[in-house]
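Participant: After the structure tokens below, expect a handful of questions from me.
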Amino acid sequence: MSGASDAHADASLSVEGHWQALVTAALLGTDRRDPPEAPGPIADLIADTARSSVSRRMLAQVAAVAAVRRAGVVPGPVLDELAVPDADDRPVCTPAAAERWHHITTSWSVLEDEWTLTLIINGWRIAPELLPALLIRHRSDPVRRARVMVGGGAAAQWLVGHIADLEPRHPSATVSPAALSELPELPIAPELAQMLDWPGAESGAVLAHSIEAGQLGQSHKAMLVNFVARITPTALVDLADVLDSVDPMCPGHGLATVLGDLATTRRRMIDELAR
Amino acid sequence: MLDTLDAVSIGSGSTAWSVEQVASIAPSAAAMTAARPLATPTRWAGLGADAEAVWGSFQGSGAEPYDTMVDHAHLGVSCTCPSRKQPCKHALALLLLWVRGQVADTVVPSSVEAWMQRRATRRTSTAAVAPVEPASAGATDDAVGTDTGDGTDTGAVPVDGDVIGDEQPAPPTPPPTPDRDAARDDRVARMHAGLAELDRWLDDRIRTGLADPSLARYSTWDQLAARLVDAQAGSLANRVRRLAGLVGASPDWHDDVLAELGMLHLLAEAGRRLGTLPAPLADAVATTVGWQVRQADVLAGVPDTDDWLIAGRSDVREDRIEVRRQWLRGATSGRWALVLSFAAYQQSLDTSLPVGASLRADLHRYPGPALRALVGTRYDEPIEGPGAAQVFIDSACSVADGCTEVGTIIAAEPWLDRVPVTVMARLARSGSTWALADATGSLPILDPGTRAFDASVAMLLAVSEGRPVAITAEWTPHGVVPLSIHLPGRTVDIGPRANTSFVSAA
């Protein structure tokens, strides 16, 4: 066995050595440097070019040796194992919750802070396949970054240690515990803010009536989105139902549909992160 | 009247083309770009369509309009314009109008009827054709090249014992048709001339050396690529363009460029000796050089029926086309297959084969030992579940065995750029290079470039946390590209994904 391995290694070295000689000759060109003599097996392969020009013979050699090198793909050296991250006892969030993160970051980014905070509060760990995207996404925002590091646990720290692209842009930024654990304030008009704790059927009825009457329209969308993102979670089911029943012929129907979708998305997000 | 596009067929009797299908027959992305402004009803006269054809007259810059006809049921094109590209931009524009519903059904004019009649007669008389033939100008894969990672599986035994290649009874020779033979001879002659020119060009590079400053000029490569396109060797043209990108790309670029020049020489030589090669090898060379196989002929071949496990996916931009490679593996046969899809700007890639799913379907392989296949009959929707992942976990091999698998395939077709392999390995580091590693050795991961964040490595690291996992990867001469991680119960798709600002769905 050892003899066979040595022979194989010798052959590999021979091919590699010859290839390097070909690269050197090719750098200068055959007009200025003669190509190396082909070793036995390669010479046999290109025997039909014996009477060709120097450059043709060289080209044939290059093709033959390149083919041999590609087909002779061999493993590189055995490499040391990486140290694995410390154990994290928290369960990984469900695939549905992970999928929801993709959904909200695409369609309802106003919910992302709540997704991360709810995950942490309920004792979940961020799914490993989300970590690179979350770390990249929040490189520059110290608060959100800190939440990702908490939600990702030891694995997040370990990952950042291995991939420089995932490091924070402001590593020295400090985050207060309060900022870490509270949802950011969203601008909501006082008339809407007073309804944040109302039952969904009641706040929904007010919104639906105002939309049908044309008092609320696209220009109010940002404010209404903030409202739905912050109303009490128990109101979400009824709110979505009422918004779904807005007259489809009224100009504000599209807005009602969008807000209903947000309410439904938020409710599902909370359900998926419940324990 | 110019010749017909007879090397491509997108399903006979098609009456509901998509824009993507139109793009798929364009000889190049540029042809589609040129066609779009012409796809305006006001620039056309005599527009009409029926169940088999669409026709119209385009008022170009000349005094006479160009009469354009497309047989959309059995793909064929006729246009009186002087373009040598097939289909020309007028035919593509006409199809775009039709696809958008801007061409009304009308009575067929006599000229169109006569043309369709001739085509029908020709189809009847040439019902059986050889599996591989030179491409007509601008056939589907010329746009993106068939040199897109198409592999071989010479070591595998077909499920049903049939062999596609020289062991199969030869199909009956089609009766000679003067026009067809002349067109074919012309294409063959042009391709041979193109390959001879390529070889002369390679010879010049070897004489003057890789340190020649002209290699750093894009025009040096682009002019050659353009001539290869003219010579019907679109796949080689793409290969030349990719090669241009290697110049100066790494400290070892001389090494990489020289190896690729060697592969081009191999293909140029083999392409001119097709008649002397064994049939499967000849098919493989012909396809790699750019000669085309009709999709209809592929689909007419013996199906490879299996539960196909969708192992991985990778998206790569080639010129102005996004190419999606989807690697499938037969649950019963263990054979690999490659399904390609293409998208130009704002078009959609095929999303019907989700990674990690299993699909019971007929696959029809291209002639020769190639891995490339078309999906024929689908017996069910793709099923996503733990089964597929477990098959890959159970069948994953060591790094050393993976090298042997790859080497076996490469030995049969040294010019292959991409070969799939599933290994049980962990992520490890050698200096700044990441690698898939185990106790038998390591496979370096392709460096995405200094400016690119390697999302695949980050995902692999995050999901595996440094432990061994089953990984499907594409081997390339410059390193492997991780495509998916097979975990108990699920598969995570980590392959390079098309930028959604370019394709509309990825």
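Labels for the structure tokens follow display order: chains A, B, ..., residues from 1 in each chain, ligands from 1.
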Within 12 Å of Ser430 of chain B, counting only C-alpha atoms, which residues qualify if same-chain residues fewer than 3 places away don't, as a PyMOL selection string?
Facilitator: (chain A and resi 76-82) or (chain B and resi 427+433-437+441-445)
Participant: Against chain B, which residues of chain A fall within 6 Å? For each one I want the closest pair of atoms and the distance in Å (one decimal), counting only C-alpha atoms, rows by chain and increasing residue number, as a Markdown table.
Facilitator:
```
| residue | atom | partner | partner_atom | distance |
| --- | --- | --- | --- | --- |
| A:Ala26 | CA | B:Gly209 | CA | 5.2 |
| A:Leu27 | CA | B:Leu210 | CA | 4.5 |
| A:Leu28 | CA | B:Gly209 | CA | 4.7 |
| A:Gly29 | CA | B:Gly209 | CA | 3.5 |
| A:Thr30 | CA | B:Arg207 | CA | 4.6 |
| A:Asp31 | CA | B:Arg207 | CA | 5.2 |
| A:Ser55 | CA | B:Arg207 | CA | 5.8 |
| A:Val62 | CA | B:Gly262 | CA | 5.2 |
| A:Ala63 | CA | B:Gly262 | CA | 3.8 |
| A:Ala66 | CA | B:Ala259 | CA | 5.3 |
| A:Ala67 | CA | B:Pro414 | CA | 5.3 |
| A:Ala71 | CA | B:Gly407 | CA | 4.5 |
| A:Gly72 | CA | B:Gly407 | CA | 5.8 |
| A:Val73 | CA | B:Gly407 | CA | 5.7 |
| A:Val74 | CA | B:Cys403 | CA | 5.7 |
| A:Pro75 | CA | B:Gly441 | CA | 5.0 |
| A:Gly76 | CA | B:Ser442 | CA | 4.6 |
| A:Pro77 | CA | B:Gly441 | CA | 5.0 |
| A:Val78 | CA | B:Gly441 | CA | 4.2 |
| A:Leu82 | CA | B:Gly466 | CA | 5.7 |
| A:Val84 | CA | B:Gly466 | CA | 5.5 |
| A:Pro128 | CA | B:Val463 | CA | 5.1 |
| A:Glu129 | CA | B:Val463 | CA | 5.7 |
```
Participant: Generate the output file for the selected residues, all heavy atoms, as a compact mmCIF listing (two decimals), in the first residue's frame.
Facilitator:
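As written to disk, out30.txt reads:
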```
# COMPACT_ATOMS: atom_id res chain seq x y z
N ALA A 26 4.75 29.38 -20.94
CA ALA A 26 3.61 30.08 -21.52
C ALA A 26 3.64 31.57 -21.18
O ALA A 26 3.16 32.40 -21.96
CB ALA A 26 2.31 29.46 -21.01
N LEU A 27 4.18 31.92 -20.03
CA LEU A 27 4.27 33.33 -19.67
C LEU A 27 5.08 34.11 -20.70
O LEU A 27 4.70 35.21 -21.12
CB LEU A 27 4.93 33.46 -18.29
CG LEU A 27 3.99 33.53 -17.10
CD1 LEU A 27 4.79 33.43 -15.81
CD2 LEU A 27 3.21 34.83 -17.13
N LEU A 28 6.22 33.53 -21.09
CA LEU A 28 7.10 34.22 -22.04
C LEU A 28 6.68 33.98 -23.48
O LEU A 28 6.93 34.81 -24.35
CB LEU A 28 8.53 33.74 -21.83
CG LEU A 28 9.14 34.10 -20.49
CD1 LEU A 28 10.48 33.42 -20.31
CD2 LEU A 28 9.29 35.61 -20.36
N GLY A 29 6.06 32.84 -23.73
CA GLY A 29 5.68 32.50 -25.10
C GLY A 29 6.76 31.68 -25.77
O GLY A 29 7.95 31.82 -25.47
N THR A 30 6.34 30.82 -26.67
CA THR A 30 7.31 29.92 -27.32
C THR A 30 8.22 30.67 -28.30
O THR A 30 9.23 30.13 -28.72
CB THR A 30 6.59 28.77 -28.05
OG1 THR A 30 5.63 29.33 -28.94
CG2 THR A 30 5.91 27.83 -27.09
N ASP A 31 7.84 31.90 -28.67
CA ASP A 31 8.75 32.69 -29.49
C ASP A 31 10.04 33.00 -28.73
O ASP A 31 11.08 33.25 -29.33
CB ASP A 31 8.09 34.01 -29.91
CG ASP A 31 7.08 33.80 -31.03
OD1 ASP A 31 7.01 32.66 -31.54
OD2 ASP A 31 6.35 34.76 -31.37
N SER A 55 4.86 25.82 -31.07
CA SER A 55 3.69 26.30 -30.33
C SER A 55 2.56 25.28 -30.35
O SER A 55 1.83 25.12 -29.37
CB SER A 55 3.21 27.64 -30.91
OG SER A 55 2.98 27.52 -32.29
N VAL A 62 -0.19 21.40 -23.14
CA VAL A 62 -1.00 22.14 -22.17
C VAL A 62 -2.37 21.47 -22.02
O VAL A 62 -2.86 21.25 -20.90
CB VAL A 62 -1.17 23.62 -22.61
CG1 VAL A 62 -2.27 24.31 -21.80
CG2 VAL A 62 0.15 24.37 -22.46
N ALA A 63 -2.99 21.12 -23.15
CA ALA A 63 -4.31 20.50 -23.10
C ALA A 63 -4.24 19.16 -22.36
O ALA A 63 -5.08 18.87 -21.50
CB ALA A 63 -4.85 20.30 -24.52
N ALA A 66 -3.43 19.70 -18.58
CA ALA A 66 -4.58 20.32 -17.89
C ALA A 66 -5.68 19.29 -17.68
O ALA A 66 -6.30 19.25 -16.60
CB ALA A 66 -5.11 21.51 -18.70
N ALA A 67 -5.92 18.44 -18.67
CA ALA A 67 -6.95 17.40 -18.53
C ALA A 67 -6.57 16.41 -17.44
O ALA A 67 -7.40 16.03 -16.61
CB ALA A 67 -7.15 16.68 -19.86
N ALA A 71 -8.78 15.81 -14.01
CA ALA A 71 -9.35 14.49 -13.70
C ALA A 71 -8.71 13.91 -12.44
O ALA A 71 -9.33 13.10 -11.75
CB ALA A 71 -9.15 13.55 -14.88
N GLY A 72 -7.50 14.31 -12.17
CA GLY A 72 -6.82 13.77 -10.99
C GLY A 72 -7.07 14.60 -9.76
O GLY A 72 -6.16 14.81 -8.95
N VAL A 73 -8.30 15.07 -9.60
CA VAL A 73 -8.61 15.90 -8.43
C VAL A 73 -8.40 15.07 -7.17
O VAL A 73 -8.90 13.95 -7.05
CB VAL A 73 -10.04 16.48 -8.52
CG1 VAL A 73 -11.08 15.39 -8.72
CG2 VAL A 73 -10.39 17.27 -7.28
N VAL A 74 -7.62 15.61 -6.27
CA VAL A 74 -7.32 14.90 -5.01
C VAL A 74 -7.65 15.83 -3.84
O VAL A 74 -7.62 17.05 -3.99
CB VAL A 74 -5.83 14.47 -4.92
CG1 VAL A 74 -5.53 13.36 -5.91
CG2 VAL A 74 -4.91 15.66 -5.13
N PRO A 75 -7.96 15.25 -2.70
CA PRO A 75 -8.29 16.11 -1.55
C PRO A 75 -7.08 16.93 -1.12
O PRO A 75 -5.93 16.49 -1.27
CB PRO A 75 -8.66 15.11 -0.45
CG PRO A 75 -8.81 13.79 -1.10
CD PRO A 75 -8.03 13.83 -2.36
N GLY A 76 -7.37 18.10 -0.60
CA GLY A 76 -6.31 18.91 -0.01
C GLY A 76 -5.95 18.34 1.36
O GLY A 76 -6.46 17.29 1.77
N PRO A 77 -5.09 19.03 2.08
CA PRO A 77 -4.64 18.51 3.37
C PRO A 77 -5.79 18.41 4.38
O PRO A 77 -6.78 19.12 4.28
CB PRO A 77 -3.61 19.55 3.83
CG PRO A 77 -3.95 20.78 3.07
CD PRO A 77 -4.50 20.33 1.77
N VAL A 78 -5.61 17.51 5.34
CA VAL A 78 -6.57 17.42 6.45
C VAL A 78 -6.45 18.70 7.28
O VAL A 78 -5.33 19.13 7.59
CB VAL A 78 -6.28 16.18 7.31
CG1 VAL A 78 -7.19 16.14 8.52
CG2 VAL A 78 -6.46 14.91 6.47
N LEU A 82 -12.90 23.21 13.64
CA LEU A 82 -13.21 24.46 14.33
C LEU A 82 -13.78 24.12 15.71
O LEU A 82 -14.47 23.10 15.87
CB LEU A 82 -14.28 25.24 13.56
CG LEU A 82 -13.95 25.68 12.13
CD1 LEU A 82 -15.19 26.35 11.52
CD2 LEU A 82 -12.79 26.67 12.13
N VAL A 84 -16.50 24.33 18.36
CA VAL A 84 -17.93 24.59 18.19
C VAL A 84 -18.38 25.61 19.22
O VAL A 84 -17.73 25.78 20.26
CB VAL A 84 -18.76 23.29 18.31
CG1 VAL A 84 -18.37 22.30 17.23
CG2 VAL A 84 -18.61 22.67 19.69
N PRO A 128 -30.64 29.14 13.24
CA PRO A 128 -29.29 29.38 12.73
C PRO A 128 -29.27 29.92 11.30
O PRO A 128 -28.45 30.78 10.98
CB PRO A 128 -28.64 27.99 12.79
CG PRO A 128 -29.40 27.24 13.80
CD PRO A 128 -30.80 27.77 13.77
N GLU A 129 -30.20 29.44 10.46
CA GLU A 129 -30.15 29.90 9.07
C GLU A 129 -30.56 31.36 8.91
O GLU A 129 -30.35 31.95 7.85
CB GLU A 129 -30.99 29.01 8.15
CG GLU A 129 -32.46 28.93 8.48
CD GLU A 129 -32.78 27.70 9.32
OE1 GLU A 129 -31.95 27.35 10.21
OE2 GLU A 129 -33.85 27.10 9.11
```
Participant: Hey, can you check how far atom CA of Val188 of chain B sits from atom CA of Ala337 of chain B?
Facilitator: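 For atom CA of Val188 of chain B relative to atom CA of Ala337 of chain B, the distance reads 29.0 Å.
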Participant: Residues near Leu135 of chain A, anyone? I mean within 10 Å using only C-alpha atoms, not counting same-chain ones fewer than 6 positions away, as a list in words.
Facilitator: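 Once the nearby chain positions are removed, what remains is Arg144, Arg145, Ala146, Val148, Met149, Gly152, Ala156, Leu159, Val160, Asp165, Leu166, Glu167 and Pro168 of chain A.
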Participant: Can I get the selection written as a PDB file, in the first residue's frame, with N, CA, C and O atoms?
Facilitator:
```
ATOM      1  N   ARG A 144     -30.795  47.054  17.564  1.00  0.00           N
ATOM      2  CA  ARG A 144     -31.263  45.825  16.911  1.00  0.00           C
ATOM      3  C   ARG A 144     -30.152  44.775  16.876  1.00  0.00           C
ATOM      4  O   ARG A 144     -30.409  43.583  17.019  1.00  0.00           O
ATOM      5  N   ARG A 145     -28.953  45.255  16.679  1.00  0.00           N
ATOM      6  CA  ARG A 145     -27.804  44.344  16.669  1.00  0.00           C
ATOM      7  C   ARG A 145     -27.693  43.621  18.022  1.00  0.00           C
ATOM      8  O   ARG A 145     -27.493  42.400  18.078  1.00  0.00           O
ATOM      9  N   ALA A 146     -27.866  44.391  19.089  1.00  0.00           N
ATOM     10  CA  ALA A 146     -27.765  43.797  20.429  1.00  0.00           C
ATOM     11  C   ALA A 146     -28.855  42.745  20.628  1.00  0.00           C
ATOM     12  O   ALA A 146     -28.618  41.690  21.225  1.00  0.00           O
ATOM     13  N   VAL A 148     -30.210  40.929  18.288  1.00  0.00           N
ATOM     14  CA  VAL A 148     -29.847  39.747  17.502  1.00  0.00           C
ATOM     15  C   VAL A 148     -28.806  38.917  18.257  1.00  0.00           C
ATOM     16  O   VAL A 148     -28.881  37.684  18.298  1.00  0.00           O
ATOM     17  N   MET A 149     -27.884  39.601  18.906  1.00  0.00           N
ATOM     18  CA  MET A 149     -26.841  38.870  19.638  1.00  0.00           C
ATOM     19  C   MET A 149     -27.447  38.112  20.826  1.00  0.00           C
ATOM     20  O   MET A 149     -27.037  36.991  21.132  1.00  0.00           O
ATOM     21  N   GLY A 152     -29.539  35.280  19.223  1.00  0.00           N
ATOM     22  CA  GLY A 152     -28.687  34.266  18.591  1.00  0.00           C
ATOM     23  C   GLY A 152     -27.818  33.529  19.583  1.00  0.00           C
ATOM     24  O   GLY A 152     -27.364  32.413  19.304  1.00  0.00           O
ATOM     25  N   ALA A 156     -24.286  33.168  17.704  1.00  0.00           N
ATOM     26  CA  ALA A 156     -24.124  34.446  17.006  1.00  0.00           C
ATOM     27  C   ALA A 156     -22.730  35.003  17.249  1.00  0.00           C
ATOM     28  O   ALA A 156     -22.045  35.468  16.320  1.00  0.00           O
ATOM     29  N   LEU A 159     -20.233  32.956  15.348  1.00  0.00           N
ATOM     30  CA  LEU A 159     -20.300  33.209  13.901  1.00  0.00           C
ATOM     31  C   LEU A 159     -19.585  34.513  13.549  1.00  0.00           C
ATOM     32  O   LEU A 159     -18.804  34.564  12.591  1.00  0.00           O
ATOM     33  N   VAL A 160     -19.842  35.546  14.345  1.00  0.00           N
ATOM     34  CA  VAL A 160     -19.200  36.840  14.091  1.00  0.00           C
ATOM     35  C   VAL A 160     -17.681  36.707  14.216  1.00  0.00           C
ATOM     36  O   VAL A 160     -16.922  37.326  13.462  1.00  0.00           O
ATOM     37  N   ASP A 165     -17.264  39.920   7.824  1.00  0.00           N
ATOM     38  CA  ASP A 165     -18.350  40.698   7.232  1.00  0.00           C
ATOM     39  C   ASP A 165     -19.549  40.839   8.172  1.00  0.00           C
ATOM     40  O   ASP A 165     -20.423  41.674   7.942  1.00  0.00           O
ATOM     41  N   LEU A 166     -19.624  39.992   9.184  1.00  0.00           N
ATOM     42  CA  LEU A 166     -20.768  40.042  10.096  1.00  0.00           C
ATOM     43  C   LEU A 166     -20.496  40.900  11.327  1.00  0.00           C
ATOM     44  O   LEU A 166     -21.362  41.050  12.189  1.00  0.00           O
ATOM     45  N   GLU A 167     -19.309  41.452  11.418  1.00  0.00           N
ATOM     46  CA  GLU A 167     -18.986  42.274  12.591  1.00  0.00           C
ATOM     47  C   GLU A 167     -19.775  43.581  12.552  1.00  0.00           C
ATOM     48  O   GLU A 167     -20.107  44.073  11.475  1.00  0.00           O
ATOM     49  N   PRO A 168     -20.065  44.167  13.733  1.00  0.00           N
ATOM     50  CA  PRO A 168     -20.838  45.425  13.754  1.00  0.00           C
ATOM     51  C   PRO A 168     -20.008  46.590  13.211  1.00  0.00           C
ATOM     52  O   PRO A 168     -18.779  46.588  13.315  1.00  0.00           O
TER      53      PRO A 168
END
```
Participant: To test your reading of the structure, identify every residue in segment 236-475 of chain B that backbone DSSP assigns to alpha helix (DSSP H), and report it as a PyMOL selection string.
Facilitator: chain B and resi 236-244+253-271+279-289+295-299+386-395+399-412+455-464
Participant: Residues at most 12 Å from Cys250 of chain A, counting only C-alpha atoms, excluding those fewer than 2 positions away in the same chain, as a ChimeraX atom specification?
Facilitator: /A:208-217,245-248,252-257
Participant: Mind pulling up the distance from atom CA of Leu134 of chain A to atom CA of Trp327 of chain B?
Facilitator: 28.4 Å
